[in-house]
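Let me begin by presenting the structure, written as structure tokens, before commenting on it.
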Amino acid sequence: MNAKQLAAEAAVALIKDGMKVGLGTGSTAYFAIQKIGQRVQEEGLKVTCIATSIQSEELAQSLKIPMVGFEQLERLDITIDGADEADHHLQLIKGGGGALLREKIIAYITDHYVTIVDESKYVETLGKFYLPVEIVPFGWQRTFDHIKTLGGAPHLRQRDNAPYITDNGNYILDCDFKTIPDPESLQTKLNLIPGVVECGLFVNKTQTLIIGYNDGSIKTHK
Ligand code: 5RP
């Protein structure tokens with residue numbers, strides 16, 4: 001079992017009958033969704049879930065995981081999601097997979113937010129991974145300029161030689177801040193810029209960080 005799968009399966013073991021569960025996005029969350037599907041089918045685990053992306057929703061549906069909409073829930077008991085970087089204070093950079101806005105909306109209604117990563121993502125200080133910032137397409141060049149004044153070198157995310165479009169119809173700027181010693185302050189500054197929808201800093205959201213190691217071990221930080 002690889003390090004991502006180890007972390008994912010340890011997180012899924014936290015899910016109990018009757019829980020409302022947020023499903024993350026990305027290659028680590030993929031393993032979690034697969035394991036939830038297995039528990040639903042083999043153990044009869046009773047859960048209701050909501051996904052952080054169209055991709056994860058389709059995967060969950062294909063595994064016959066019961067899904068609900070926001071009209072049917074106010075809070076989630078647990079969400080299991082990956083990250084691009086996690087620091088020692090459990091602050092995160094997310095959005096490498098482009099789902100940061102839905103991921104953050106779901107993080108903010110979750111009682112127990114569990115982040116799952118392999119060892120390569122656990123860092124001293126955030127910032128080596130370019131920070132994804134979701135922005136509206138209108139006037140994006142000027143939003144780009146504003147972010148530059150905060151010290152981040154933005155790059156418009158591309159796919160097939162065209163701007164990458166999120167599930168919400170927006171663009172993403174991947175911003176090189178080199179190092180982010182104060183994620184909370186940067187989050188506030190970024191989210192005040194007109195045109196910024198949300199940034200990929202997840203500050204004080206993770207209650208449990210599960211790290212999978214290549215030697216087959218896992219470590220949990222709370
Ligand atoms: C998607 C995310 C992912 O959780 C993050 O990119 C990690 O992905 P992976 O598990 O594939 O490394 O934030 O928006």
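For the structure tokens, the naming scheme is as follows: chains receive sequential letters (A, B, ...) according to their order of presentation, residues are indexed from 1 within each chain, and ligands are indexed from 1 in presentation order.
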I'd like to know which residues of region 45-192 of chain A are helix (DSSP H, G or I) (by DSSP, run on the backbone); could you write them as a ChimeraX atom specification?
/A:54-62,70-72,100-107,119-121,140-149,183-191
Taking N, CA and C atoms for each residue, export the selection above as a short mmCIF file (atom, residue, chain, number, x, y, z; two decimals), in the first residue's frame.
data_model
loop_
_atom_site.label_atom_id
_atom_site.label_comp_id
_atom_site.auth_asym_id
_atom_site.auth_seq_id
_atom_site.Cartn_x
_atom_site.Cartn_y
_atom_site.Cartn_z
N ILE A 54 -16.88 17.89 -8.82
CA ILE A 54 -17.68 17.05 -9.72
C ILE A 54 -17.00 15.68 -9.87
N GLN A 55 -15.66 15.73 -9.99
CA GLN A 55 -14.89 14.49 -10.13
C GLN A 55 -15.13 13.52 -8.95
N SER A 56 -15.07 14.04 -7.74
CA SER A 56 -15.26 13.18 -6.57
C SER A 56 -16.72 12.74 -6.45
N GLU A 57 -17.64 13.60 -6.85
CA GLU A 57 -19.05 13.23 -6.80
C GLU A 57 -19.31 12.06 -7.75
N GLU A 58 -18.74 12.14 -8.95
CA GLU A 58 -18.96 11.05 -9.91
C GLU A 58 -18.33 9.75 -9.42
N LEU A 59 -17.15 9.87 -8.81
CA LEU A 59 -16.50 8.67 -8.28
C LEU A 59 -17.38 8.05 -7.18
N ALA A 60 -17.87 8.89 -6.28
CA ALA A 60 -18.70 8.39 -5.17
C ALA A 60 -19.97 7.73 -5.70
N GLN A 61 -20.57 8.37 -6.70
CA GLN A 61 -21.80 7.78 -7.26
C GLN A 61 -21.52 6.42 -7.89
N SER A 62 -20.36 6.32 -8.56
CA SER A 62 -20.02 5.05 -9.22
C SER A 62 -19.81 3.94 -8.17
N PHE A 70 -26.78 20.30 -0.12
CA PHE A 70 -26.74 21.22 1.02
C PHE A 70 -28.12 21.46 1.64
N GLU A 71 -29.18 21.26 0.83
CA GLU A 71 -30.52 21.47 1.39
C GLU A 71 -30.85 20.42 2.44
N GLN A 72 -30.09 19.34 2.43
CA GLN A 72 -30.37 18.25 3.39
C GLN A 72 -29.37 18.19 4.55
N LEU A 100 -10.36 24.12 -4.68
CA LEU A 100 -10.19 24.79 -3.39
C LEU A 100 -11.43 25.49 -2.87
N LEU A 101 -12.25 26.08 -3.74
CA LEU A 101 -13.42 26.82 -3.26
C LEU A 101 -14.44 25.87 -2.63
N ARG A 102 -14.79 24.82 -3.35
CA ARG A 102 -15.76 23.87 -2.78
C ARG A 102 -15.17 23.19 -1.55
N GLU A 103 -13.86 22.93 -1.61
CA GLU A 103 -13.20 22.30 -0.45
C GLU A 103 -13.30 23.21 0.78
N LYS A 104 -13.15 24.51 0.56
CA LYS A 104 -13.17 25.42 1.72
C LYS A 104 -14.59 25.60 2.24
N ILE A 105 -15.57 25.66 1.34
CA ILE A 105 -16.97 25.77 1.78
C ILE A 105 -17.30 24.57 2.67
N ILE A 106 -16.84 23.42 2.26
CA ILE A 106 -17.13 22.20 3.03
C ILE A 106 -16.31 22.16 4.32
N ALA A 107 -15.07 22.63 4.26
CA ALA A 107 -14.25 22.67 5.49
C ALA A 107 -14.93 23.51 6.57
N GLU A 119 4.27 11.77 3.07
CA GLU A 119 5.33 12.48 3.79
C GLU A 119 5.92 13.66 3.02
N SER A 120 5.85 13.61 1.69
CA SER A 120 6.45 14.69 0.88
C SER A 120 5.75 16.03 1.07
N LYS A 121 4.50 15.99 1.61
CA LYS A 121 3.71 17.22 1.74
C LYS A 121 3.91 17.92 3.09
N TRP A 140 -9.27 39.64 -15.06
CA TRP A 140 -8.32 38.80 -14.31
C TRP A 140 -6.91 39.37 -14.33
N GLN A 141 -6.57 40.10 -15.42
CA GLN A 141 -5.20 40.65 -15.50
C GLN A 141 -4.94 41.65 -14.38
N ARG A 142 -5.98 42.39 -14.01
CA ARG A 142 -5.81 43.38 -12.93
C ARG A 142 -5.77 42.69 -11.56
N THR A 143 -6.54 41.62 -11.39
CA THR A 143 -6.46 40.84 -10.15
C THR A 143 -5.04 40.29 -10.02
N PHE A 144 -4.52 39.84 -11.15
CA PHE A 144 -3.13 39.36 -11.24
C PHE A 144 -2.17 40.44 -10.71
N ASP A 145 -2.37 41.69 -11.17
CA ASP A 145 -1.49 42.80 -10.74
C ASP A 145 -1.56 43.01 -9.23
N HIS A 146 -2.79 42.95 -8.68
CA HIS A 146 -2.95 43.18 -7.23
C HIS A 146 -2.21 42.11 -6.43
N ILE A 147 -2.32 40.87 -6.89
CA ILE A 147 -1.66 39.78 -6.15
C ILE A 147 -0.14 39.97 -6.21
N LYS A 148 0.33 40.46 -7.33
CA LYS A 148 1.77 40.70 -7.48
C LYS A 148 2.28 41.70 -6.44
N THR A 149 1.45 42.69 -6.12
CA THR A 149 1.88 43.69 -5.13
C THR A 149 2.02 43.08 -3.72
N PRO A 183 0.32 32.46 7.27
CA PRO A 183 -0.77 32.14 6.33
C PRO A 183 -2.05 32.91 6.61
N GLU A 184 -2.33 33.17 7.88
CA GLU A 184 -3.60 33.84 8.22
C GLU A 184 -3.63 35.25 7.65
N SER A 185 -2.51 35.97 7.81
CA SER A 185 -2.46 37.34 7.33
C SER A 185 -2.51 37.37 5.80
N LEU A 186 -1.82 36.45 5.15
CA LEU A 186 -1.85 36.43 3.68
C LEU A 186 -3.25 36.08 3.17
N GLN A 187 -3.90 35.16 3.86
CA GLN A 187 -5.27 34.80 3.46
C GLN A 187 -6.18 36.02 3.50
N THR A 188 -6.08 36.79 4.59
CA THR A 188 -6.92 37.98 4.73
C THR A 188 -6.65 38.97 3.61
N LYS A 189 -5.35 39.21 3.33
CA LYS A 189 -5.00 40.20 2.29
C LYS A 189 -5.48 39.75 0.92
N LEU A 190 -5.29 38.48 0.62
CA LEU A 190 -5.70 37.98 -0.71
C LEU A 190 -7.21 38.07 -0.88
N ASN A 191 -7.94 37.67 0.17
CA ASN A 191 -9.39 37.58 0.02
C ASN A 191 -10.06 38.96 0.02
#
Counting only C-alpha atoms and all ligand atoms, what residues are within 10 Å of ligand 1, given as number ranges by chain?
A: 4-5, 8, 24-31, 52-53, 80-85, 92-104, 115-118, 120-121, 132, 166, 200-202
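Counting from CA of Ile50 (chain A), the distance to CA of Leu6 (chain A) is 22.5 Å.
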Give me the residues within 8 Å of Ile109 (chain A) as a PyMOL selection string, counting only C-alpha atoms and dropping any in the same chain fewer than 5 places off.
chain A and resi 74-76
Name the residues of region 6-205 of chain A that come out as strand (DSSP E or B) in a backbone DSSP run; write them as a PyMOL selection string.
chain A and resi 20-23+48-51+67+76-81+85-86+92-93+110-118+122+126+131-135+153-156+158-159+162-163+171-176+180+196-199+201-202
Looking at A:Ala7, A:Ile165, A:Leu131, A:Ala51, which one is nearest to Gly216 (chain A), with distances taken over only C-alpha atoms?
A:Ala7
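Closest to Val136 (chain A) among A:Gln158, A:Asn2, A:Asn204, A:Asn168 is A:Asn168, based on only C-alpha atoms.
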Quick one, how far is CA of Ala162 (chain A) from CA of Leu23 (chain A)?
28.3 Å
